[in-house]
Structures are given as C-alpha cells and as structure tokens.
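Pasted below: data15.cif, mmCIF, C-alpha atoms.
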```cif
data_my_file
#
loop_
_atom_site.label_atom_id
_atom_site.label_comp_id
_atom_site.auth_asym_id
_atom_site.auth_seq_id
_atom_site.Cartn_x
_atom_site.Cartn_y
_atom_site.Cartn_z
CA MET A 739 -130.37 189.54 147.68
CA ALA A 740 -129.47 188.10 151.11
CA MET A 741 -125.84 187.81 150.02
CA TRP A 742 -125.89 191.40 148.83
CA ILE A 743 -127.27 192.71 152.14
CA LEU A 744 -124.79 190.53 154.03
CA GLY A 745 -121.90 191.93 151.95
CA THR A 746 -123.00 195.52 152.65
CA LEU A 747 -123.34 194.83 156.39
CA LEU A 748 -119.89 193.22 156.43
CA GLU A 749 -118.47 196.33 154.77
CA VAL A 750 -119.94 198.42 157.57
CA VAL A 751 -118.32 195.99 160.05
CA VAL A 752 -114.98 196.50 158.25
CA LEU A 753 -115.34 200.29 158.49
CA VAL A 754 -116.13 200.09 162.21
CA GLY A 755 -113.18 197.72 162.68
CA ILE A 756 -110.79 200.13 160.92
CA TYR A 757 -112.06 203.05 163.01
CA ARG A 758 -112.02 201.05 166.27
CA THR A 759 -108.42 199.85 165.87
CA GLY A 760 -107.22 203.36 164.98
CA VAL A 761 -105.72 202.42 161.59
CA LEU A 762 -107.87 204.80 159.55
CA ARG A 763 -104.89 206.83 158.34
CA ARG A 764 -102.87 203.74 157.50
CA TYR A 765 -105.71 202.20 155.49
CA LEU A 766 -107.32 205.43 154.24
CA PHE A 767 -107.82 204.32 150.62
CA LEU A 768 -109.09 200.93 151.76
CA SER A 769 -111.61 202.72 153.99
CA LEU A 770 -112.60 205.06 151.15
CA TYR A 771 -113.14 202.09 148.86
CA THR A 772 -115.26 200.31 151.48
CA LEU A 773 -117.25 203.49 152.16
CA SER A 774 -117.92 204.03 148.45
CA SER A 775 -118.92 200.37 148.13
CA VAL A 776 -121.50 200.83 150.91
CA ALA A 777 -122.78 204.04 149.25
CA ILE A 778 -123.00 202.36 145.83
CA SER A 779 -124.82 199.36 147.34
CA ILE A 780 -127.42 201.73 148.79
CA GLY A 781 -127.65 203.43 145.36
CA ARG A 782 -128.12 200.04 143.68
CA PHE A 783 -130.91 199.16 146.14
CA ARG A 784 -132.68 202.41 145.26
CA VAL A 785 -132.30 201.92 141.50
CA LEU A 786 -133.38 198.28 141.82
CA PHE A 787 -136.62 199.12 143.66
CA HIS A 788 -137.35 202.28 141.68
CA TYR A 789 -136.94 200.76 138.21
CA GLY A 790 -138.15 197.24 138.98
CA GLY A 791 -135.79 194.30 138.87
CA VAL A 792 -132.26 193.35 137.97
CA THR A 793 -133.21 192.92 134.32
CA SER A 794 -134.13 196.61 133.85
CA ALA A 795 -131.81 198.60 131.57
CA GLU A 796 -131.44 201.37 134.23
CA TYR A 797 -130.22 198.90 136.83
CA ARG A 798 -127.78 197.27 134.41
CA TYR A 799 -126.34 200.66 133.39
CA PHE A 800 -126.02 201.72 137.00
CA TYR A 801 -124.50 198.38 137.97
CA PHE A 802 -121.78 198.33 135.30
CA TYR A 803 -120.81 202.02 135.58
CA SER A 804 -120.70 201.92 139.37
CA ASP A 805 -118.72 198.66 139.21
CA ALA A 806 -116.15 200.32 136.94
CA LEU A 807 -115.87 203.20 139.45
CA LEU A 808 -115.54 200.79 142.37
CA THR A 809 -112.84 198.85 140.55
CA ILE A 810 -110.88 202.08 140.05
CA ALA A 811 -111.28 202.86 143.77
CA LEU A 812 -110.04 199.37 144.66
CA TYR A 813 -107.14 199.82 142.25
CA PHE A 814 -106.06 202.91 144.21
CA ALA A 815 -106.50 200.98 147.46
CA VAL A 816 -104.03 198.38 146.15
CA ILE A 817 -101.60 201.14 145.16
CA SER A 818 -101.86 202.55 148.70
CA LEU A 819 -100.78 199.12 150.01
CA PHE A 820 -97.72 199.42 147.75
CA PHE A 821 -96.91 202.70 149.56
CA GLN A 822 -96.99 200.83 152.88
CA VAL A 823 -94.73 198.00 151.72
CA PHE A 824 -92.27 200.37 150.05
CA GLU A 825 -92.55 203.15 152.68
CA GLN A 826 -88.90 202.93 153.71
CA MET A 827 -87.62 203.14 150.14
CA ARG A 828 -89.09 206.60 149.47
CA VAL A 829 -90.46 205.78 146.03
CA GLU A 830 -93.96 207.27 146.42
CA ARG A 831 -93.50 209.67 143.51
CA TYR A 832 -92.56 206.90 141.07
CA LEU A 833 -95.30 204.64 142.35
CA ARG A 834 -97.91 207.39 141.90
CA PHE A 835 -96.72 208.05 138.35
CA ALA A 836 -96.67 204.34 137.47
CA ALA A 837 -100.16 203.86 138.95
CA VAL A 838 -101.71 206.66 136.88
CA LEU A 839 -99.89 205.47 133.76
CA LEU A 840 -101.10 201.89 134.28
CA LEU A 841 -104.69 203.03 134.85
CA ALA A 842 -104.65 205.22 131.72
CA GLY A 843 -103.06 202.35 129.75
CA THR A 844 -105.74 199.89 130.89
CA ALA A 845 -108.53 202.34 129.99
CA TRP A 846 -107.00 202.95 126.56
CA PHE A 847 -106.51 199.20 125.97
CA SER A 848 -110.14 198.48 126.95
CA TYR A 849 -111.37 201.25 124.64
CA ALA A 850 -109.19 199.96 121.77
CA ILE A 851 -110.65 196.46 122.14
CA VAL A 852 -114.26 197.62 122.49
CA SER A 853 -114.07 200.13 119.63
CA GLN A 854 -113.75 197.17 117.25
CA SER A 855 -117.38 196.25 118.01
CA SER A 856 -119.90 199.01 117.40
CA GLY A 857 -123.09 198.10 119.35
CA ARG A 858 -123.61 199.62 122.86
CA MET A 859 -120.01 200.67 123.02
CA LEU A 860 -120.14 202.66 126.25
CA THR A 861 -121.72 199.83 128.29
CA HIS A 862 -119.33 197.32 126.77
CA PHE A 863 -116.45 199.66 127.61
CA ALA A 864 -117.49 199.74 131.30
CA PHE A 865 -117.68 195.92 131.33
CA GLU A 866 -114.35 195.49 129.52
CA LEU A 867 -112.66 198.10 131.73
CA SER A 868 -113.86 196.30 134.87
CA GLN A 869 -112.62 192.94 133.60
CA ASN A 870 -109.24 194.35 132.60
CA LEU A 871 -108.87 196.35 135.81
CA TYR A 872 -109.63 193.26 137.89
CA PHE A 873 -106.91 191.48 135.95
CA VAL A 874 -104.46 194.40 136.35
CA GLY A 875 -105.39 194.45 140.05
CA LEU A 876 -104.59 190.75 140.21
CA ALA A 877 -101.21 191.30 138.53
CA LEU A 878 -100.46 194.19 140.94
CA THR A 879 -101.44 192.08 143.94
CA TYR A 880 -99.11 189.37 142.65
CA VAL A 881 -96.26 191.89 142.44
CA LEU A 882 -97.19 193.22 145.89
CA TRP A 883 -97.08 189.72 147.36
CA GLY A 884 -93.67 189.20 145.73
CA ALA A 885 -92.47 192.47 147.33
CA ILE A 886 -93.85 191.40 150.73
CA VAL A 887 -91.90 188.14 150.59
CA LYS A 888 -88.74 189.76 149.20
CA LEU A 889 -88.73 192.63 151.71
CA ARG A 890 -89.70 190.31 154.61
CA GLU A 891 -92.81 192.35 155.39
CA THR A 892 -94.25 190.39 158.33
CA ARG A 893 -97.30 192.45 159.44
CA THR A 894 -100.00 189.77 159.68
CA GLN A 895 -102.88 192.20 159.08
CA LEU A 896 -101.31 193.58 155.90
CA ILE A 897 -100.47 190.07 154.64
CA GLN A 898 -104.04 188.85 155.14
CA ILE A 899 -105.48 191.96 153.44
CA VAL A 900 -103.20 191.50 150.42
CA LEU A 901 -103.88 187.77 150.12
CA SER A 902 -107.65 188.23 150.35
CA LEU A 903 -107.36 190.91 147.65
CA GLY A 904 -105.50 188.39 145.48
CA ILE A 905 -108.33 185.85 145.92
CA TYR A 906 -110.98 188.52 145.24
CA PHE A 907 -109.31 189.91 142.11
CA SER A 908 -108.62 186.49 140.61
CA ALA A 909 -112.15 185.24 141.35
CA TYR A 910 -113.72 188.38 139.86
CA ALA A 911 -111.44 188.48 136.80
CA ALA A 912 -112.19 184.79 136.12
CA THR A 913 -115.95 185.29 136.50
CA TYR A 914 -115.96 188.38 134.26
CA ALA A 915 -113.86 186.56 131.63
CA LEU A 916 -116.23 183.58 131.77
CA ALA A 917 -119.26 185.88 131.35
CA ASN A 918 -117.46 187.60 128.46
CA LEU A 919 -116.85 184.25 126.76
CA ALA A 920 -120.37 182.93 127.31
CA PRO A 921 -122.84 185.79 127.93
CA GLY A 922 -125.62 183.22 128.52
CA ILE A 923 -124.14 182.26 131.89
CA TYR A 924 -124.16 185.86 133.17
CA PRO A 925 -127.27 185.37 135.38
CA TYR A 926 -125.44 182.50 137.16
CA ALA A 927 -122.19 184.42 137.25
CA ARG A 928 -124.04 187.20 139.10
CA PHE A 929 -124.63 184.84 142.03
CA LEU A 930 -120.95 183.93 142.05
CA LEU A 931 -120.01 187.62 142.02
CA SER A 932 -122.27 188.31 145.02
CA ALA A 933 -120.67 185.40 146.90
CA PHE A 934 -117.15 186.64 146.12
CA GLY A 935 -118.30 190.15 147.00
CA CYS A 936 -119.04 188.87 150.52
CA LEU A 937 -115.73 187.08 150.91
CA LEU A 938 -113.58 190.21 150.65
CA PRO A 939 -115.29 192.18 153.46
CA LEU A 940 -115.52 188.95 155.49
CA SER A 941 -111.77 188.39 155.37
CA TRP A 942 -111.08 192.10 155.96
CA ALA A 943 -113.46 192.06 158.92
CA TYR A 944 -111.45 189.13 160.30
CA ALA A 945 -108.17 190.99 159.66
CA PHE A 946 -109.35 194.20 161.38
CA TRP A 947 -111.32 192.68 164.25
CA ARG A 948 -109.36 189.54 165.12
CA VAL A 949 -105.75 190.14 164.07
CA PRO A 950 -103.95 192.53 166.44
CA VAL A 951 -102.59 195.66 164.67
CA ASN A 952 -99.00 194.87 165.67
CA ALA A 953 -99.15 191.11 165.12
CA ARG A 954 -96.30 189.82 162.98
CA LEU A 955 -95.45 186.51 161.37
CA VAL A 956 -92.06 185.02 162.12
CA PRO A 957 -89.98 185.69 158.93
CA ALA A 958 -89.25 181.96 158.55
CA ARG A 959 -93.00 181.27 158.62
CA LEU A 960 -93.53 183.94 155.96
CA LEU A 961 -91.15 182.12 153.61
CA GLU A 962 -92.86 178.83 154.43
CA VAL A 963 -96.25 180.40 153.59
CA ALA A 964 -94.93 181.79 150.30
CA GLN A 965 -93.51 178.47 149.10
CA MET B 578 -112.15 187.36 118.22
CA THR B 579 -109.75 189.65 120.15
CA ILE B 580 -112.25 189.97 123.02
CA ALA B 581 -112.69 186.18 123.20
CA LEU B 582 -108.93 185.59 123.12
CA MET B 583 -108.35 188.16 125.87
CA ALA B 584 -111.11 186.57 127.94
CA VAL B 585 -109.57 183.07 127.57
CA VAL B 586 -106.12 184.34 128.63
CA ILE B 587 -107.60 186.24 131.59
CA LEU B 588 -109.73 183.24 132.62
CA ALA B 589 -106.80 180.81 132.58
CA ALA B 590 -104.40 183.15 134.40
CA SER B 591 -107.04 184.16 136.96
CA LEU B 592 -107.98 180.58 137.83
CA ALA B 593 -104.30 179.67 138.31
CA ALA B 594 -103.79 182.76 140.49
CA LEU B 595 -106.99 182.04 142.46
CA LEU B 596 -105.71 178.59 143.37
CA GLN B 597 -102.31 179.95 144.34
CA PHE B 598 -103.60 182.89 146.41
CA PHE B 599 -106.11 180.65 148.15
CA GLY B 600 -103.31 178.23 149.08
CA ILE B 601 -101.09 181.03 150.39
CA TYR B 602 -103.99 182.61 152.32
CA CYS B 603 -104.76 179.29 154.01
CA ARG B 604 -101.10 178.73 154.83
CA SER B 605 -100.93 182.24 156.37
CA LEU B 606 -103.91 181.33 158.60
CA ILE B 607 -102.21 178.05 159.54
CA ALA B 608 -98.87 179.81 160.16
CA SER B 609 -100.42 182.08 162.79
CA SER B 610 -101.72 179.04 164.71
CA VAL B 611 -98.62 176.84 164.52
CA ALA B 612 -96.84 178.68 167.35
CA GLN B 613 -99.82 178.45 169.71
CA PRO B 614 -99.57 175.69 172.32
CA LEU B 615 -102.54 173.40 173.00
CA SER B 616 -104.06 173.19 176.47
CA PRO B 617 -103.50 169.83 178.25
CA GLU B 618 -107.19 168.88 178.07
CA ILE B 619 -107.36 169.47 174.28
CA GLN B 620 -104.18 167.40 173.92
CA GLU B 621 -105.90 164.65 175.86
CA VAL B 622 -109.20 164.82 173.94
CA THR B 623 -107.68 165.02 170.47
CA GLY B 624 -104.55 162.97 171.09
CA ILE B 625 -102.52 165.78 169.48
CA THR B 626 -99.52 167.06 171.36
CA SER B 627 -98.13 170.53 170.49
CA GLY B 628 -96.68 170.45 166.98
CA ALA B 629 -97.31 166.73 166.46
CA ALA B 630 -100.59 166.32 164.60
CA GLY B 631 -101.16 163.78 161.84
CA PRO B 632 -103.19 164.13 158.60
CA GLU B 633 -105.73 161.56 159.86
CA ASP B 634 -106.51 163.74 162.92
CA PHE B 635 -108.27 166.46 160.91
CA PRO B 636 -111.71 164.81 160.31
CA ARG B 637 -111.87 163.77 163.98
CA VAL B 638 -111.07 167.27 165.27
CA VAL B 639 -113.60 168.79 162.84
CA GLN B 640 -116.26 166.47 164.29
CA LEU B 641 -115.34 167.66 167.78
CA LEU B 642 -115.57 171.27 166.55
CA ARG B 643 -119.14 170.62 165.36
CA LEU B 644 -120.09 169.58 168.88
CA CYS B 645 -118.66 172.74 170.41
CA PRO B 646 -120.67 176.01 170.39
CA ASP B 647 -119.04 178.72 168.29
CA PHE B 648 -118.48 181.86 170.34
CA SER B 649 -115.24 182.79 168.64
CA ASN B 650 -116.65 183.32 165.09
CA ASP B 651 -113.99 181.27 163.34
CA ARG B 652 -116.35 179.54 160.90
CA GLN B 653 -115.03 181.32 157.79
CA GLN B 654 -111.40 180.42 158.53
CA LEU B 655 -112.36 176.81 159.30
CA SER B 656 -114.31 176.55 156.03
CA ALA B 657 -111.29 177.87 154.12
CA ILE B 658 -109.00 175.34 155.84
CA ARG B 659 -111.45 172.50 155.14
CA ILE B 660 -111.45 173.37 151.42
CA TYR B 661 -107.64 173.61 151.53
CA PHE B 662 -107.48 170.20 153.25
CA LEU B 663 -109.60 168.64 150.49
CA LEU B 664 -107.49 170.28 147.74
CA VAL B 665 -104.20 169.08 149.27
CA LYS B 666 -105.66 165.64 149.88
CA SER B 667 -106.71 165.34 146.23
CA ALA B 668 -103.25 166.60 145.17
CA ARG B 669 -101.73 163.84 147.30
CA TRP B 670 -103.91 161.19 145.66
CA THR B 671 -103.35 162.33 142.10
CA LEU B 672 -99.78 163.68 142.02
CA ALA B 673 -97.96 161.70 144.72
CA SER B 674 -97.31 158.70 142.46
CA LEU B 675 -95.74 160.97 139.80
CA LEU B 676 -93.89 163.37 142.11
CA PRO B 677 -92.62 161.78 145.34
CA ASP B 678 -91.87 165.19 146.90
CA VAL B 679 -95.56 166.06 146.75
CA ARG B 680 -96.41 163.28 149.20
CA SER B 681 -94.21 164.57 152.02
CA TRP B 682 -95.27 168.18 151.36
CA ALA B 683 -98.94 167.16 151.39
CA GLU B 684 -98.50 165.13 154.60
CA THR B 685 -97.00 168.20 156.34
CA GLN B 686 -99.80 170.47 155.08
CA LEU B 687 -102.55 168.04 156.13
CA ALA B 688 -100.98 167.66 159.57
CA GLN B 689 -100.82 171.46 159.94
CA CYS B 690 -104.52 171.67 158.98
CA ALA B 691 -105.26 169.23 161.82
CA TYR B 692 -103.22 171.33 164.25
CA PHE B 693 -105.06 174.49 163.11
CA ALA B 694 -108.39 172.76 163.81
CA ALA B 695 -107.15 171.66 167.26
CA VAL B 696 -106.14 175.26 168.09
CA ALA B 697 -109.60 176.43 166.93
CA LEU B 698 -111.18 173.78 169.18
CA ASP B 699 -109.09 175.04 172.07
CA HIS B 700 -110.32 178.62 171.43
CA ARG B 701 -113.93 177.47 171.20
CA VAL B 702 -113.72 175.53 174.46
CA SER B 703 -112.19 178.47 176.31
CA SER B 704 -114.71 180.94 174.77
CA SER B 705 -117.60 178.66 175.78
CA ARG B 706 -116.20 178.39 179.28
CA ASN B 707 -115.87 182.20 179.53
CA ALA B 708 -119.42 182.68 178.23
CA LEU B 709 -120.75 180.16 180.77
CA ALA B 710 -118.83 181.85 183.58
CA ALA B 711 -120.23 185.25 182.56
CA GLN B 712 -123.77 183.80 182.42
CA THR B 713 -123.41 182.24 185.88
CA HIS B 714 -122.03 185.51 187.22
CA ASP B 715 -124.97 187.47 185.74
CA SER B 716 -127.60 185.09 187.14
CA ARG B 717 -126.27 185.49 190.70
#
```

Please re-express this file's structure in structure tokens.
Amino acid sequence: MAMWILGTLLEVVVLVGIYRTGVLRRYLFLSLYTLSSVAISIGRFRVLFHYGGVTSAEYRYFYFYSDALLTIALYFAVISLFFQVFEQMRVERYLRFAAVLLLAGTAWFSYAIVSQSSGRMLTHFAFELSQNLYFVGLALTYVLWGAIVKLRETRTQLIQIVLSLGIYFSAYAATYALANLAPGIYPYARFLLSAFGCLLPLSWAYAFWRVPVNARLVPARLLEVAQ
Amino acid sequence: MTIALMAVVILAASLAALLQFFGIYCRSLIASSVAQPLSPEIQEVTGITSGAAGPEDFPRVVQLLRLCPDFSNDRQQLSAIRIYFLLVKSARWTLASLLPDVRSWAETQLAQCAYFAAVALDHRVSSSRNALAAQTHDSR
C-alpha cells in the first residue's frame, strides 16, 4: 500500500516537473499517460475500499482492465518518443500507421491465444493483452534505443526516459510472464509490480527535475554507453 | 501449452533485456558525471584525482557518502550504481578467467562507478555547505 501511494505521489511529482520545465507539448503523451495513471490509482483506491480488499472480484476486474488501458496509453507514449527521435525525417504518417497496425495485431494475437481456453475469457484477454503489450513495448523501446544510437540523439533527458522505459517494460513483461507460468506466485508478483511501478515515475522525476532540458551527452559518450 | 510457451519466451527475453537496459541506464548516469571535475578537497579526502579512480575506491567513497547528509536527493541513482557495481564485480569474478577482455572492461566500469560516487560526494558536500550557510543566514 505504501509503495502504491508513493508511486502515485511520484507521478504527481513527474507531472509538476513536466509543467515546471515547460516541456508539456514535447512530452504530451507521456504527461497524458502519467495523468491517467494518477486517475486510475485514485479509482483503484476507491474500488479497493468500497468492495473490501485486493482479493475481491470487483477489484481484480478493475485492476486488470485499467492495467490494459494504461498499457495502451504507455504504448502511445512510446510511439510519441519515436516521433521525437525521427522528427527530422518526416515519417510521422508511416509511424502512426505502423503503431495502430502493431496495436491491432497484438490485440488480435492475444485474443487468438486466449480463445483457445474457454473459462473467464475476457479477464484472461485483459491479462494476456497487458503481458503482450508490455513485451511489444519492450521491443519498441529496444528499436527506439537502436535509433537513438544510430541517429546520435544526445538529449540526456530523452535518453534517460527511454532507458527507464526499457527497464520498466522488461521488468513488467518478465513479472507478468512469470505469473502466467505459475499463477500461485501472483500475490508475490504483485509486490514486485508495485515496486517496479514506483521505479518508472522515480526515474522520470529525476529526468524532469534534475536533468536540464537542453543537457546533451557527448556523442562519443553515447556510443560508450551503448556498448 | 501455447500460453505457457509464449510466457517462457517472454520471460527469457525480458530478463535479458532488463539486464541490458539496466546496464545502459547506469552507464548513462555514469557518463553524465565523467566530465565533471572534482573539487580539490574531495580529491584530497578520497585520494581520487579527476578521471583517475580505481575499482577499490568505490566502497570507501560509499562509506564517506553515508556520513554525509543527503540534500541533493541522489539516493536512487546511487542505489542503481551500487547494484551495477556488484553485477560488474561478479561478472569480473566469473567471466574474467574465460574472457580476458572482460577483465579490462570490468576494471574500467568499476573505476567509473567510483568516480560517479566521488562526484555525488562532492555534490552532497556542497549542498550541505549551502544548506548550512542558508540556516546561518536565517538565524541572524
């Protein structure tokens, strides 16, 4: 619970940091994701106290559906970072098309896998979609990092945001996959998820509050970091 | 069966990516500190001159950091670098005998971790000094 509250407070800190440094337009989708995460956390608190405990069916439904929505929001935030890295190449139209196609493909793939098992299909679909989207997000972040290195993108703030996203996506995808393999460990995995949930806003808070907007890494250092 | 197979593939790939992204993230934190010079008094206290830290300096500098009040809120970055230091150190112990290149790479990384910690110590000392000066000014 403490971790959860801490994560929500850190998200508020991130939002204030984005607003304070005047990069709201540049990181609009990131801000929207953070804002929806704060709103969903408040919603989860309400459902938790209204329906009594994390084991209640209402809370579980709310948790998994809202998580699937949040993952989609984060997916679009990652795509918006692609726009920033590729902004000089004028490929927004293709990127937008590819993003929608990839999202639809992931949803279809998750449905195809889940439809093989009949029980509680909709809930399982939300879980499977989240796991697969975290993994797709991880793959996209990997590609984004490759593009950053290849195009010598040296904005320190952007680099730290992308790398923390990579850590977050891989940690979440691994935890979801582990919980999928052994459902018995899910109660423990929930603690891990809360801890990872704090790490992303913590590193973003650092990036927005401590790293100057125009700070850049020396290109040689960027290559050294990537190796 | 398909769900389990997918989960195994995702788990393995995600853990490998987690390790790699964590390493790159830590190196990006280190890279932003490498260019920062150390103040003469930190050089004297730690025995590290600018750009010339050794792997063995890290534990000593971390102990000094524990003694210094944290006004600069760098705990998260330091924790990440400490985990990175332990990972690289264990890579040096396990892989260095098989791959000689790993040893020199690990030595460089460990030394850079020590330099990062020394820069953090420098920031903490100057933040503490500023906080003390502000307190003295307020009490007058």

Selection: 7 Å around Phe907 (chain A), all atoms listed in the file, excl. self and same-chain fewer than 4 positions, as a list in words: Tyr872, Phe873, Gly875, Leu876, Leu903 and Ala911 of chain A

Any chance you could export the current selection's C-alpha atoms as a PDB file, in the frame of the given file?
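The file below, again-v9.pdb, is the result:
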```pdb
ATOM      1  CA  TYR A 872    -109.630 193.260 137.890  1.00  0.00           C
ATOM      2  CA  PHE A 873    -106.910 191.480 135.950  1.00  0.00           C
ATOM      3  CA  GLY A 875    -105.390 194.450 140.050  1.00  0.00           C
ATOM      4  CA  LEU A 876    -104.590 190.750 140.210  1.00  0.00           C
ATOM      5  CA  LEU A 903    -107.360 190.910 147.650  1.00  0.00           C
ATOM      6  CA  ALA A 911    -111.440 188.480 136.800  1.00  0.00           C
TER       7      ALA A 911
END
```

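Near region 612-626 of chain B, within 9 Å and counting all atoms listed in the file, sit Ala608, Ala630, Gly631, Asp634, Arg637, Val638, Leu641, Ala691, Tyr692, Ala695, Val696, Leu698, Asp699 and Val702 of chain B, not including residues fewer than 4 positions from it in the same chain.
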
C-alpha atoms of the current selection, written as a PDB file, in the frame of the given file:
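This is the output file selection19.pdb:
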```
ATOM      1  CA  ALA B 608     -98.870 179.810 160.160  1.00  0.00           C
ATOM      2  CA  ALA B 630    -100.590 166.320 164.600  1.00  0.00           C
ATOM      3  CA  GLY B 631    -101.160 163.780 161.840  1.00  0.00           C
ATOM      4  CA  ASP B 634    -106.510 163.740 162.920  1.00  0.00           C
ATOM      5  CA  ARG B 637    -111.870 163.770 163.980  1.00  0.00           C
ATOM      6  CA  VAL B 638    -111.070 167.270 165.270  1.00  0.00           C
ATOM      7  CA  LEU B 641    -115.340 167.660 167.780  1.00  0.00           C
ATOM      8  CA  ALA B 691    -105.260 169.230 161.820  1.00  0.00           C
ATOM      9  CA  TYR B 692    -103.220 171.330 164.250  1.00  0.00           C
ATOM     10  CA  ALA B 695    -107.150 171.660 167.260  1.00  0.00           C
ATOM     11  CA  VAL B 696    -106.140 175.260 168.090  1.00  0.00           C
ATOM     12  CA  LEU B 698    -111.180 173.780 169.180  1.00  0.00           C
ATOM     13  CA  ASP B 699    -109.090 175.040 172.070  1.00  0.00           C
ATOM     14  CA  VAL B 702    -113.720 175.530 174.460  1.00  0.00           C
TER      15      VAL B 702
END
```

Using all atoms listed in the file, I'd like a table of the residues in chain A that come within 6 Å of chain B; for each, show the closest atom pair and its distance in Å rounded to one decimal, ordered by chain and ascending number, as a tab-separated table.
```
residue	atom	partner	partner_atom	distance
A:Leu901	CA	B:Tyr602	CA	5.6
A:Gly904	CA	B:Phe598	CA	5.9
A:Ile905	CA	B:Leu595	CA	5.3
A:Ser908	CA	B:Ser591	CA	4.6
A:Ala912	CA	B:Leu588	CA	4.6
A:Ala915	CA	B:Ala584	CA	4.6
A:Leu919	CA	B:Ala581	CA	5.8
A:Val963	CA	B:Arg604	CA	5.3
```

Atomic separation - CA of Ser794 (chain A) relative to CA of Ala811 (chain A), Å: 25.7 Å

Atomic separation - CA of Ile658 (chain B) relative to CA of Val951 (chain A), Å: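 Straight-line distance from CA of Val951 (chain A) to CA of Ile658 (chain B) works out to 23.1 Å.
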
Quick one: apply the PyMOL selection byres ((chain A and resi 744-756) around 6) to the file and drop the selected residues here as an mmCIF file with C-alpha atoms, in the coordinates of the input.
```cif
data_model
loop_
_atom_site.group_PDB
_atom_site.id
_atom_site.type_symbol
_atom_site.label_atom_id
_atom_site.label_comp_id
_atom_site.auth_asym_id
_atom_site.auth_seq_id
_atom_site.Cartn_x
_atom_site.Cartn_y
_atom_site.Cartn_z
ATOM 1 C CA MET A 741 -125.840 187.810 150.020
ATOM 2 C CA TRP A 742 -125.890 191.400 148.830
ATOM 3 C CA ILE A 743 -127.270 192.710 152.140
ATOM 4 C CA TYR A 757 -112.060 203.050 163.010
ATOM 5 C CA ARG A 758 -112.020 201.050 166.270
ATOM 6 C CA THR A 759 -108.420 199.850 165.870
ATOM 7 C CA VAL A 761 -105.720 202.420 161.590
ATOM 8 C CA LEU A 762 -107.870 204.800 159.550
ATOM 9 C CA VAL A 776 -121.500 200.830 150.910
ATOM 10 C CA CYS A 936 -119.040 188.870 150.520
ATOM 11 C CA PRO A 939 -115.290 192.180 153.460
ATOM 12 C CA ALA A 943 -113.460 192.060 158.920
ATOM 13 C CA PHE A 946 -109.350 194.200 161.380
ATOM 14 C CA TRP A 947 -111.320 192.680 164.250
#
```

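Each of A:Leu938, A:Leu889, A:Met739, A:Leu916 was compared to Glu825 (chain A) using only C-alpha atoms, and A:Leu889 turns out to be the nearest.
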
Proximity to Tyr813 (chain A) - best of A:Leu871, A:His788, A:Met827, A:Arg763, all atoms listed in the file: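 Using all atoms listed in the file, Tyr813 (chain A) sits closest to A:Leu871.
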
Closest of B:Val665, B:Ala697, B:Ile660, B:Leu644 to Trp682 (chain B) - atom-to-atom distances counting only C-alpha atoms: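 Checking each of B:Val665, B:Ala697, B:Ile660, B:Leu644 against Trp682 (chain B), counting only C-alpha atoms, the winner is B:Val665.
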
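Going from CA of Phe635 (chain B) to CA of Leu940 (chain A) covers 24.2 Å.
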
Residue neighbourhood region 799-810 of chain A, 7 Å, all atoms listed in the file, exclusion window fewer than 3 positions, as an MDAnalysis selection string: chainID A and resid 775 778 782 795:796 813:814 861 864:865 867:868 871:872

Residue contacts of Ala708 (chain B) (12 Å, only C-alpha atoms) excluding same-chain residues fewer than 4 positions away, as a ChimeraX atom specification: /B:646-649,701-704,712-715

Where is the centre and how long are the edges: axis-aligned box on region 935-953 of chain A, 6 Å on each side, Å to one decimal, as AutoDock Vina command-line options:
```
--center_x -109.0 --center_y 191.4 --center_z 156.7 --size_x 32.0 --size_y 20.6 --size_z 31.4
```

From A:Val792, A:Gly935, A:Phe863, A:Ala777, residue lying nearest Trp846 (chain A) [all atoms listed in the file]: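 Residue with the minimum atom-to-atom distance to Trp846 (chain A): A:Phe863.
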